[in-house]
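Quick look at protein.txt (compact mmCIF, C-alpha atoms and all ligand atoms):
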# COMPACT_ATOMS: atom_id res chain seq x y z
CA MET A 41 -18.70 7.05 63.94
CA MET A 42 -17.28 6.38 67.39
CA MET A 43 -17.13 2.65 66.66
CA LEU A 44 -15.42 3.34 63.35
CA CYS A 45 -12.75 5.40 65.06
CA ILE A 46 -12.17 2.69 67.61
CA LEU A 47 -11.86 0.05 64.92
CA LEU A 48 -9.50 2.22 62.91
CA LEU A 49 -7.31 2.89 65.94
CA SER A 50 -7.22 -0.80 66.77
CA ALA A 51 -6.24 -1.64 63.22
CA LEU A 52 -3.47 0.96 63.25
CA THR A 53 -2.23 -0.36 66.56
CA ALA A 54 -2.19 -3.89 65.21
CA ILE A 55 -0.22 -2.76 62.16
CA SER A 56 2.34 -0.92 64.22
CA ILE A 57 2.73 -3.97 66.43
CA ALA A 58 3.23 -6.24 63.46
CA PHE A 59 6.21 -4.12 62.48
CA SER A 60 7.67 -3.76 65.96
CA PRO A 61 10.78 -5.75 66.86
CA ASN A 62 8.92 -7.29 69.79
CA ALA A 63 6.03 -8.48 67.67
CA GLY A 64 6.03 -11.91 69.27
CA LEU A 65 5.72 -10.44 72.72
CA THR A 66 3.09 -7.86 71.94
CA ASN A 67 0.82 -10.29 70.15
CA THR A 68 -0.08 -11.73 73.53
CA ALA A 69 -1.00 -8.27 74.72
CA LEU A 70 -3.01 -7.69 71.59
CA HIS A 71 -5.13 -10.73 72.30
CA ARG A 72 -5.68 -9.53 75.82
CA SER A 73 -6.66 -6.03 74.83
CA SER A 74 -10.25 -5.18 74.06
CA LEU A 75 -11.36 -3.33 70.96
CA SER A 76 -12.24 -0.30 73.02
CA SER A 77 -8.69 0.11 74.24
CA THR A 78 -5.73 1.22 72.18
CA SER A 79 -3.44 0.87 75.16
CA LEU A 80 -2.00 -2.62 75.11
CA LYS A 81 -0.60 -3.94 78.31
CA MET A 82 2.07 -6.56 78.54
CA ALA A 83 1.39 -7.09 82.20
CA ASP A 84 -0.98 -6.00 84.91
CA GLU A 85 -0.30 -2.53 86.21
CA VAL A 86 2.38 -2.47 88.87
CA LYS A 87 1.25 -2.33 92.49
CA VAL A 88 2.78 -2.05 95.92
CA GLY A 89 4.55 -5.27 96.85
CA ASP A 90 5.64 -6.09 93.29
CA LYS A 91 9.28 -6.58 92.43
CA VAL A 92 10.66 -3.99 90.03
CA PRO A 93 11.19 -5.96 86.79
CA SER A 94 14.72 -7.01 86.00
CA VAL A 95 15.56 -5.21 82.79
CA VAL A 96 18.68 -3.77 81.24
CA LEU A 97 18.30 -0.07 80.45
CA LYS A 98 20.73 2.25 78.67
CA GLU A 99 22.44 5.22 80.23
CA GLY A 100 23.85 7.91 77.96
CA GLN A 101 27.35 9.22 78.64
CA ALA A 102 28.98 12.63 78.45
CA ASN A 103 30.48 13.76 75.14
CA TYR A 104 28.30 11.38 73.14
CA GLU A 105 30.27 8.35 74.28
CA THR A 106 28.52 5.03 73.67
CA PRO A 107 25.65 4.50 76.15
CA VAL A 108 26.23 1.82 78.75
CA ASP A 109 23.95 -0.99 79.89
CA VAL A 110 22.47 -0.61 83.35
CA ASN A 111 20.89 -3.64 84.98
CA LEU A 112 18.04 -2.03 86.91
CA SER A 113 17.82 -4.80 89.52
CA ASP A 114 21.52 -4.48 90.24
CA LEU A 115 21.32 -0.69 90.36
CA ILE A 116 18.54 -0.58 92.96
CA ALA A 117 19.44 -3.66 95.02
CA GLY A 118 19.79 -2.82 98.70
CA LYS A 119 18.76 0.80 98.14
CA LYS A 120 15.69 2.95 98.65
CA VAL A 121 15.04 4.58 95.29
CA ALA A 122 12.53 6.90 93.68
CA ILE A 123 11.77 5.99 90.08
CA PHE A 124 9.69 8.26 87.93
CA ALA A 125 8.80 7.84 84.31
CA VAL A 126 7.47 10.25 81.75
CA PRO A 127 5.91 9.91 78.30
CA GLY A 128 8.67 11.93 76.68
CA ALA A 129 11.92 13.73 77.37
CA PHE A 130 11.71 17.44 76.53
CA THR A 131 7.89 17.39 76.44
CA PRO A 132 6.13 20.23 78.30
CA GLY A 133 4.49 18.42 81.23
CA CYS A 134 7.61 16.42 81.88
CA SER A 135 10.06 19.29 81.52
CA LYS A 136 8.01 21.94 83.32
CA SER A 137 6.52 19.94 86.16
CA HIS A 138 7.40 16.32 86.77
CA LEU A 139 11.19 16.51 86.41
CA PRO A 140 11.63 19.90 88.14
CA SER A 141 9.58 18.66 91.08
CA PHE A 142 12.11 15.86 91.60
CA ILE A 143 15.10 18.16 91.08
CA THR A 144 13.77 20.50 93.77
CA ALA A 145 12.94 17.61 96.08
CA GLN A 146 16.39 15.97 96.07
CA GLU A 147 17.41 17.14 99.56
CA GLU A 148 14.05 16.26 101.10
CA LEU A 149 14.03 12.86 99.42
CA LYS A 150 17.51 12.15 100.78
CA ALA A 151 16.33 13.27 104.21
CA LYS A 152 13.61 10.62 103.92
CA GLY A 153 16.18 7.95 103.14
CA VAL A 154 15.90 7.89 99.36
CA ASP A 155 19.37 7.01 98.09
CA MET A 156 18.80 7.62 94.41
CA THR A 157 16.29 9.10 91.98
CA ILE A 158 15.94 7.57 88.53
CA CYS A 159 14.14 9.15 85.61
CA ILE A 160 12.97 6.85 82.83
CA ALA A 161 11.44 7.36 79.39
CA THR A 162 11.37 5.40 76.16
CA ASN A 163 13.47 8.01 74.40
CA ASP A 164 16.89 6.74 73.38
CA ALA A 165 19.88 7.07 75.68
CA TYR A 166 21.35 10.07 73.83
CA VAL A 167 18.14 12.02 74.23
CA MET A 168 17.86 11.07 77.90
CA GLU A 169 21.46 12.17 78.51
CA ALA A 170 20.83 15.50 76.80
CA TRP A 171 17.64 16.02 78.79
CA GLY A 172 19.43 15.25 82.04
CA ARG A 173 22.27 17.62 81.19
CA THR A 174 20.21 20.56 79.95
CA SER A 175 17.51 20.36 82.61
CA GLY A 176 19.92 20.36 85.53
CA GLY A 177 18.57 16.97 86.56
CA ALA A 178 21.84 15.13 86.09
CA ALA A 179 23.73 17.80 88.05
CA ALA A 180 21.18 17.32 90.85
CA GLY A 181 22.17 13.65 90.94
CA ILE A 182 19.20 12.16 89.08
CA ARG A 183 20.04 9.21 86.82
CA PHE A 184 18.47 9.34 83.35
CA LEU A 185 17.85 5.88 81.93
CA SER A 186 16.48 4.93 78.54
CA ASP A 187 13.83 2.24 78.18
CA ALA A 188 14.05 2.56 74.42
CA ASN A 189 12.44 -0.79 73.63
CA ALA A 190 9.75 -0.24 76.31
CA GLU A 191 10.69 -3.44 78.10
CA LEU A 192 10.30 -1.90 81.53
CA SER A 193 7.18 0.05 80.60
CA ARG A 194 5.49 -3.09 79.33
CA ALA A 195 6.59 -5.20 82.28
CA LEU A 196 5.07 -2.59 84.60
CA GLY A 197 1.83 -2.58 82.59
CA LEU A 198 2.35 1.10 81.85
CA SER A 199 3.19 1.30 78.16
CA ILE A 200 1.28 3.45 75.71
CA GLU A 201 1.27 1.50 72.44
CA GLY A 202 0.46 2.46 68.91
CA GLY A 203 1.89 5.95 68.53
CA VAL A 204 4.95 7.08 66.64
CA MET A 205 6.88 5.31 69.36
CA VAL A 206 5.86 3.31 72.39
CA ARG A 207 5.70 5.62 75.37
CA THR A 208 5.39 5.24 79.11
CA LYS A 209 2.48 6.42 81.16
CA ARG A 210 3.53 8.98 83.70
CA PHE A 211 4.13 7.44 87.12
CA SER A 212 6.36 7.53 90.15
CA LEU A 213 7.24 4.82 92.61
CA ILE A 214 9.41 4.16 95.59
CA ALA A 215 11.21 0.83 95.81
CA GLU A 216 13.20 -0.60 98.67
CA ASP A 217 15.67 -3.33 97.79
CA GLY A 218 13.87 -3.83 94.50
CA VAL A 219 10.33 -4.07 95.90
CA VAL A 220 7.71 -1.40 95.26
CA THR A 221 6.65 0.22 98.53
CA HIS A 222 4.70 3.19 97.09
CA TYR A 223 3.13 3.64 93.67
CA PHE A 224 1.82 6.91 92.27
CA SER A 225 -0.33 6.63 89.16
CA SER A 226 -1.22 9.53 86.90
CA ALA A 227 -4.58 7.96 86.07
CA ASN A 228 -6.46 10.75 87.87
CA GLU A 229 -4.04 13.66 87.99
CA SER A 230 -0.52 14.12 86.67
CA SER A 231 0.32 15.97 89.85
CA ASP A 232 -0.28 12.79 91.85
CA THR A 233 3.10 11.64 90.50
CA TRP A 234 5.03 14.81 91.29
CA ALA A 235 7.58 14.87 94.07
CA PRO A 236 5.52 16.78 96.68
CA ASN A 237 2.89 14.04 96.61
CA VAL A 238 5.58 11.38 96.82
CA LEU A 239 7.27 13.14 99.74
CA ALA A 240 3.95 13.46 101.56
CA ALA A 241 3.59 9.68 101.47
CA LEU A 242 7.03 8.92 102.86
C1 LIG B 301 20.40 -8.29 86.28
O1 LIG B 301 21.38 -8.84 87.14
C2 LIG B 301 20.92 -9.92 87.94
C3 LIG B 301 22.05 -10.38 88.82
O2 LIG B 301 22.51 -9.35 89.61
C4 LIG B 301 20.47 -11.07 87.08
O3 LIG B 301 19.93 -12.07 87.89
C5 LIG B 301 19.42 -10.58 86.10
O4 LIG B 301 19.12 -11.62 85.18
C6 LIG B 301 19.94 -9.37 85.32
N1 LIG B 301 18.87 -8.89 84.49
C7 LIG B 301 18.94 -8.91 83.17
C8 LIG B 301 17.71 -8.45 82.45
O5 LIG B 301 19.94 -9.25 82.56
C1 LIG B 302 -8.80 8.17 91.32
O1 LIG B 302 -9.81 8.82 92.09
C2 LIG B 302 -10.77 7.94 92.63
C3 LIG B 302 -11.86 8.78 93.29
O2 LIG B 302 -11.27 9.66 94.23
C4 LIG B 302 -10.11 6.98 93.60
O3 LIG B 302 -11.04 6.09 94.15
C5 LIG B 302 -9.03 6.21 92.86
O4 LIG B 302 -8.31 5.39 93.77
C6 LIG B 302 -8.07 7.16 92.18
N1 LIG B 302 -7.15 6.40 91.37
C7 LIG B 302 -5.86 6.61 91.43
C8 LIG B 302 -5.07 5.76 90.49
O5 LIG B 302 -5.33 7.43 92.14

In structure tokens, write the structure found in this file.
Amino acid sequence: MMMLCILLLSALTAISIAFSPNAGLTNTALHRSSLSSTSLKMADEVKVGDKVPSVVLKEGQANYETPVDVNLSDLIAGKKVAIFAVPGAFTPGCSKSHLPSFITAQEELKAKGVDMTICIATNDAYVMEAWGRTSGGAAAGIRFLSDANAELSRALGLSIEGGVMVRTKRFSLIAEDGVVTHYFSSANESSDTWAPNVLAAL
């Protein structure tokens, strides 16, 4: 029964990949993935010392103006930044815990030299803008960027493939001048990625 479920999940994942716009890219990941895993990784999981991948993300604008491209490498060059990513905008864990923890921590993060906090999810830019606006996150100075085609999530080895949409595993990291200095995985506990744990490490 267990094996059947695993095979079924793998087949579903393969089908969803075949129809994804990045099919060519994900096929490599498919070959790398084992049957027992439905989470396909484009790359090894990010670690301290890695460069934050150079990707272009989308940032939603006020009044439903067209989202603008944001080159992540350019945005974080020469700065100390906190980047956190969540599986979904407006989802409970992200809206009740992860995001509020970073809103509350803005002053303390700045006191520890963090110039900017960036929130990322694979939701589209309009959703990210609305989440930033309605949560108070944007007013607190947090930038809400959309990784809608999961390019960043895959490059960091943190995508969750095969669902309705590709999502991002919950994580937080600190980068200085584009290089990861601290990485907080949610593999054990979601709360490991929340701002108090990040602050404690800085
Ligand atoms: C981001 O900008 C840098 C130059 O500042 C460039 O080297 C890099 O290719 C750009 N990234 C993308 C994905 O376009
Ligand atoms: C998870 O917990 C184990 C046991 O404490 C530890 O060795 C491991 O490093 C933790 N993993 C992460 C990603 O925090």

List every residue of chain A that has an atom at most 10 Å from any atom of ligand LIG 301 (chain B), giving for each one its closest atom pair and the distance in Å to one decimal, counting only C-alpha atoms and all ligand atoms, sorted by chain and then by ascending residue number, as a tab-separated table.
residue	atom	partner	partner_atom	distance
A:Pro93	CA	B:LIG301	C8	8.2
A:Ser94	CA	B:LIG301	N1	4.8
A:Val95	CA	B:LIG301	C8	3.9
A:Val96	CA	B:LIG301	C8	4.9
A:Leu97	CA	B:LIG301	C8	8.6
A:Asp109	CA	B:LIG301	O5	9.6
A:Val110	CA	B:LIG301	C1	8.5
A:Asn111	CA	B:LIG301	C1	4.9
A:Leu112	CA	B:LIG301	C1	6.7
A:Ser113	CA	B:LIG301	C1	5.4
A:Asp114	CA	B:LIG301	O2	5.0
A:Leu115	CA	B:LIG301	C1	8.7
A:Ala117	CA	B:LIG301	O2	8.4
A:Glu191	CA	B:LIG301	C8	9.7
A:Leu192	CA	B:LIG301	C8	9.9

Students should find that atom CA of Gly133 of chain A and atom CA of Val167 of chain A are spaced 16.6 Å

If I wrap all listed atoms of ligand LIG 302 (chain B) in a box with edges along x, y and z and add 4 Å on each side, what are its centre and edge lengths in Å to one decimal, as JSON?
{"center_x": -8.5, "center_y": 7.5, "center_z": 92.4, "size_x": 14.8, "size_y": 12.3, "size_z": 11.7}

Counting only C-alpha atoms, the residue among A:Cys159, A:Leu239, A:Ile143, A:Leu196 that lies closest to Val126 of chain A is A:Cys159

How close does chain A get to ligand LIG 302 (chain B)? List, as CSV, each residue of chain A within 9 Å, its nearest atom pair and the distance in Å to one decimal, counting all atoms listed in the file.
residue,atom,partner,partner_atom,distance
A:Phe224,CA,B:LIG302,O5,7.2
A:Ser225,CA,B:LIG302,C8,5.0
A:Ser226,CA,B:LIG302,C8,6.5
A:Ala227,CA,B:LIG302,C8,5.0
A:Asn228,CA,B:LIG302,C1,4.9
A:Glu229,CA,B:LIG302,O5,7.6
A:Asp232,CA,B:LIG302,O5,7.4

Write out as a PDB file with C-alpha atoms, in the coordinates of the input which residues come within 10 Å of Tyr104 of chain A when counting all atoms listed in the file, dropping same-chain ones fewer than 5 positions away.
ATOM      1  CA  ALA A 165      19.880   7.070  75.680  1.00  0.00           C
ATOM      2  CA  TYR A 166      21.350  10.070  73.830  1.00  0.00           C
ATOM      3  CA  GLU A 169      21.460  12.170  78.510  1.00  0.00           C
ATOM      4  CA  ALA A 170      20.830  15.500  76.800  1.00  0.00           C
TER       5      ALA A 170
END

Separating atom CA of Thr106 of chain A from atom CA of Ser137 of chain A, to the nearest tenth of an Å, is a gap of 29.4 Å

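Reported to one decimal place, the separation of atom CA of Ala195 of chain A from atom CA of Lys87 of chain A is 11.9 Å.
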
- prompt: Residues at most 10 Å from Glu147 of chain A, counting all atoms listed in the file, excluding those fewer than 6 positions away in the same chain, as a list in words?
  reply: Gly153, Val154 and Ala180 of chain A

List every protein, DNA or RNA residue with an atom no more than 9 Å from (8.4, 1.6, 71.7) in the file's coordinates, counting only C-alpha atoms, and format the result as JSON, numbers by chain.
{"A": [60, 162, 163, 187, 188, 189, 190, 191, 199, 200, 201, 202, 203, 204, 205, 206, 207, 208]}

Exercise for review: Can you pull out every residue within 10 Å of Ile182 of chain A, counting all atoms listed in the file, but drop anything in the same chain fewer than 4 positions away, and send it as a ChimeraX atom specification?
Suggested key: /A:122-123,139,142-143,146,156-159,172,176-178

Across A:Ser135, A:Ser230, A:Thr221, A:Ser141, the smallest distance to Asp90 of chain A, with all atoms listed in the file counted, is shown by A:Thr221

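Closest approach to Thr144 of chain A among A:Ala235, A:Leu242, A:Val219, A:Ala102 is made by A:Ala235 (distances from all atoms listed in the file).
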
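Taking all atoms listed in the file into account, those protein, DNA and RNA residues with any atom at most 7 Å away from (1.7, -1.1, 87.4) amount to Asp84, Glu85, Val86, Lys87, Leu196, Gly197 and Leu198 of chain A.
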
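Residues with any atom within 9 Å of Lys91 of chain A, counting all atoms listed in the file and excluding same-chain neighbours fewer than 6 positions away, are Ala215, Asp217, Gly218, Val219 and Val220 of chain A.
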
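Considering only C-alpha atoms, the residue among A:Tyr223, A:Arg194, A:Ser175, A:Glu148 positioned nearest to Pro236 of chain A is A:Glu148.
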
Any chance you could model N, CA and C atoms for segment 129-159 of chain A and send them as a JSON list (two decimals), in the coordinates of the input?
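result-v8.json written:
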[["chain", "number", "residue", "atom", "x", "y", "z"],
["A", 129, "ALA", "N", 10.93, 12.72, 77.03],
["A", 129, "ALA", "CA", 11.92, 13.73, 77.37],
["A", 129, "ALA", "C", 11.61, 15.00, 76.59],
["A", 130, "PHE", "N", 11.86, 16.13, 77.18],
["A", 130, "PHE", "CA", 11.71, 17.44, 76.53],
["A", 130, "PHE", "C", 10.25, 17.82, 76.24],
["A", 131, "THR", "N", 9.29, 17.00, 76.67],
["A", 131, "THR", "CA", 7.89, 17.39, 76.44],
["A", 131, "THR", "C", 7.46, 18.33, 77.58],
["A", 132, "PRO", "N", 6.43, 19.15, 77.35],
["A", 132, "PRO", "CA", 6.13, 20.23, 78.30],
["A", 132, "PRO", "C", 5.82, 19.77, 79.73],
["A", 133, "GLY", "N", 4.88, 18.84, 79.88],
["A", 133, "GLY", "CA", 4.49, 18.42, 81.23],
["A", 133, "GLY", "C", 5.65, 17.82, 81.99],
["A", 134, "CYS", "N", 6.49, 17.11, 81.26],
["A", 134, "CYS", "CA", 7.61, 16.42, 81.88],
["A", 134, "CYS", "C", 8.73, 17.39, 82.21],
["A", 135, "SER", "N", 8.95, 18.36, 81.34],
["A", 135, "SER", "CA", 10.06, 19.29, 81.52],
["A", 135, "SER", "C", 9.71, 20.43, 82.46],
["A", 136, "LYS", "N", 8.41, 20.79, 82.50],
["A", 136, "LYS", "CA", 8.01, 21.94, 83.32],
["A", 136, "LYS", "C", 7.56, 21.55, 84.71],
["A", 137, "SER", "N", 7.11, 20.30, 84.87],
["A", 137, "SER", "CA", 6.52, 19.94, 86.16],
["A", 137, "SER", "C", 7.14, 18.72, 86.81],
["A", 138, "HIS", "N", 7.04, 17.58, 86.12],
["A", 138, "HIS", "CA", 7.40, 16.32, 86.77],
["A", 138, "HIS", "C", 8.88, 16.30, 87.14],
["A", 139, "LEU", "N", 9.74, 16.52, 86.14],
["A", 139, "LEU", "CA", 11.19, 16.51, 86.41],
["A", 139, "LEU", "C", 11.62, 17.59, 87.39],
["A", 140, "PRO", "N", 11.21, 18.88, 87.18],
["A", 140, "PRO", "CA", 11.63, 19.90, 88.14],
["A", 140, "PRO", "C", 11.21, 19.59, 89.57],
["A", 141, "SER", "N", 10.04, 18.96, 89.71],
["A", 141, "SER", "CA", 9.58, 18.66, 91.08],
["A", 141, "SER", "C", 10.56, 17.72, 91.77],
["A", 142, "PHE", "N", 11.14, 16.80, 91.00],
["A", 142, "PHE", "CA", 12.11, 15.86, 91.60],
["A", 142, "PHE", "C", 13.48, 16.50, 91.77],
["A", 143, "ILE", "N", 13.83, 17.45, 90.90],
["A", 143, "ILE", "CA", 15.10, 18.16, 91.08],
["A", 143, "ILE", "C", 15.04, 18.94, 92.40],
["A", 144, "THR", "N", 13.94, 19.68, 92.57],
["A", 144, "THR", "CA", 13.77, 20.50, 93.77],
["A", 144, "THR", "C", 13.72, 19.65, 95.03],
["A", 145, "ALA", "N", 13.19, 18.44, 94.90],
["A", 145, "ALA", "CA", 12.94, 17.61, 96.08],
["A", 145, "ALA", "C", 14.15, 16.76, 96.50],
["A", 146, "GLN", "N", 15.27, 16.89, 95.80],
["A", 146, "GLN", "CA", 16.39, 15.97, 96.07],
["A", 146, "GLN", "C", 16.81, 15.94, 97.55],
["A", 147, "GLU", "N", 16.95, 17.12, 98.16],
["A", 147, "GLU", "CA", 17.41, 17.14, 99.56],
["A", 147, "GLU", "C", 16.38, 16.48, 100.47],
["A", 148, "GLU", "N", 15.11, 16.83, 100.25],
["A", 148, "GLU", "CA", 14.05, 16.26, 101.10],
["A", 148, "GLU", "C", 13.92, 14.75, 100.90],
["A", 149, "LEU", "N", 14.10, 14.31, 99.67],
["A", 149, "LEU", "CA", 14.03, 12.86, 99.42],
["A", 149, "LEU", "C", 15.18, 12.17, 100.15],
["A", 150, "LYS", "N", 16.36, 12.75, 100.09],
["A", 150, "LYS", "CA", 17.51, 12.15, 100.78],
["A", 150, "LYS", "C", 17.26, 12.11, 102.28],
["A", 151, "ALA", "N", 16.65, 13.21, 102.79],
["A", 151, "ALA", "CA", 16.33, 13.27, 104.21],
["A", 151, "ALA", "C", 15.36, 12.16, 104.61],
["A", 152, "LYS", "N", 14.56, 11.71, 103.64],
["A", 152, "LYS", "CA", 13.61, 10.62, 103.92],
["A", 152, "LYS", "C", 14.20, 9.26, 103.54],
["A", 153, "GLY", "N", 15.50, 9.23, 103.34],
["A", 153, "GLY", "CA", 16.18, 7.95, 103.14],
["A", 153, "GLY", "C", 16.25, 7.47, 101.71],
["A", 154, "VAL", "N", 15.83, 8.31, 100.77],
["A", 154, "VAL", "CA", 15.90, 7.89, 99.36],
["A", 154, "VAL", "C", 17.33, 8.08, 98.86],
["A", 155, "ASP", "N", 17.96, 6.98, 98.49],
["A", 155, "ASP", "CA", 19.37, 7.01, 98.09],
["A", 155, "ASP", "C", 19.57, 7.53, 96.68],
["A", 156, "MET", "N", 18.59, 7.32, 95.83],
["A", 156, "MET", "CA", 18.80, 7.62, 94.41],
["A", 156, "MET", "C", 17.46, 7.89, 93.73],
["A", 157, "THR", "N", 17.48, 8.85, 92.81],
["A", 157, "THR", "CA", 16.29, 9.10, 91.98],
["A", 157, "THR", "C", 16.63, 8.75, 90.55],
["A", 158, "ILE", "N", 15.73, 8.03, 89.91],
["A", 158, "ILE", "CA", 15.94, 7.57, 88.53],
["A", 158, "ILE", "C", 14.79, 8.06, 87.67],
["A", 159, "CYS", "N", 15.14, 8.67, 86.56],
["A", 159, "CYS", "CA", 14.14, 9.15, 85.61],
["A", 159, "CYS", "C", 14.19, 8.26, 84.37]]
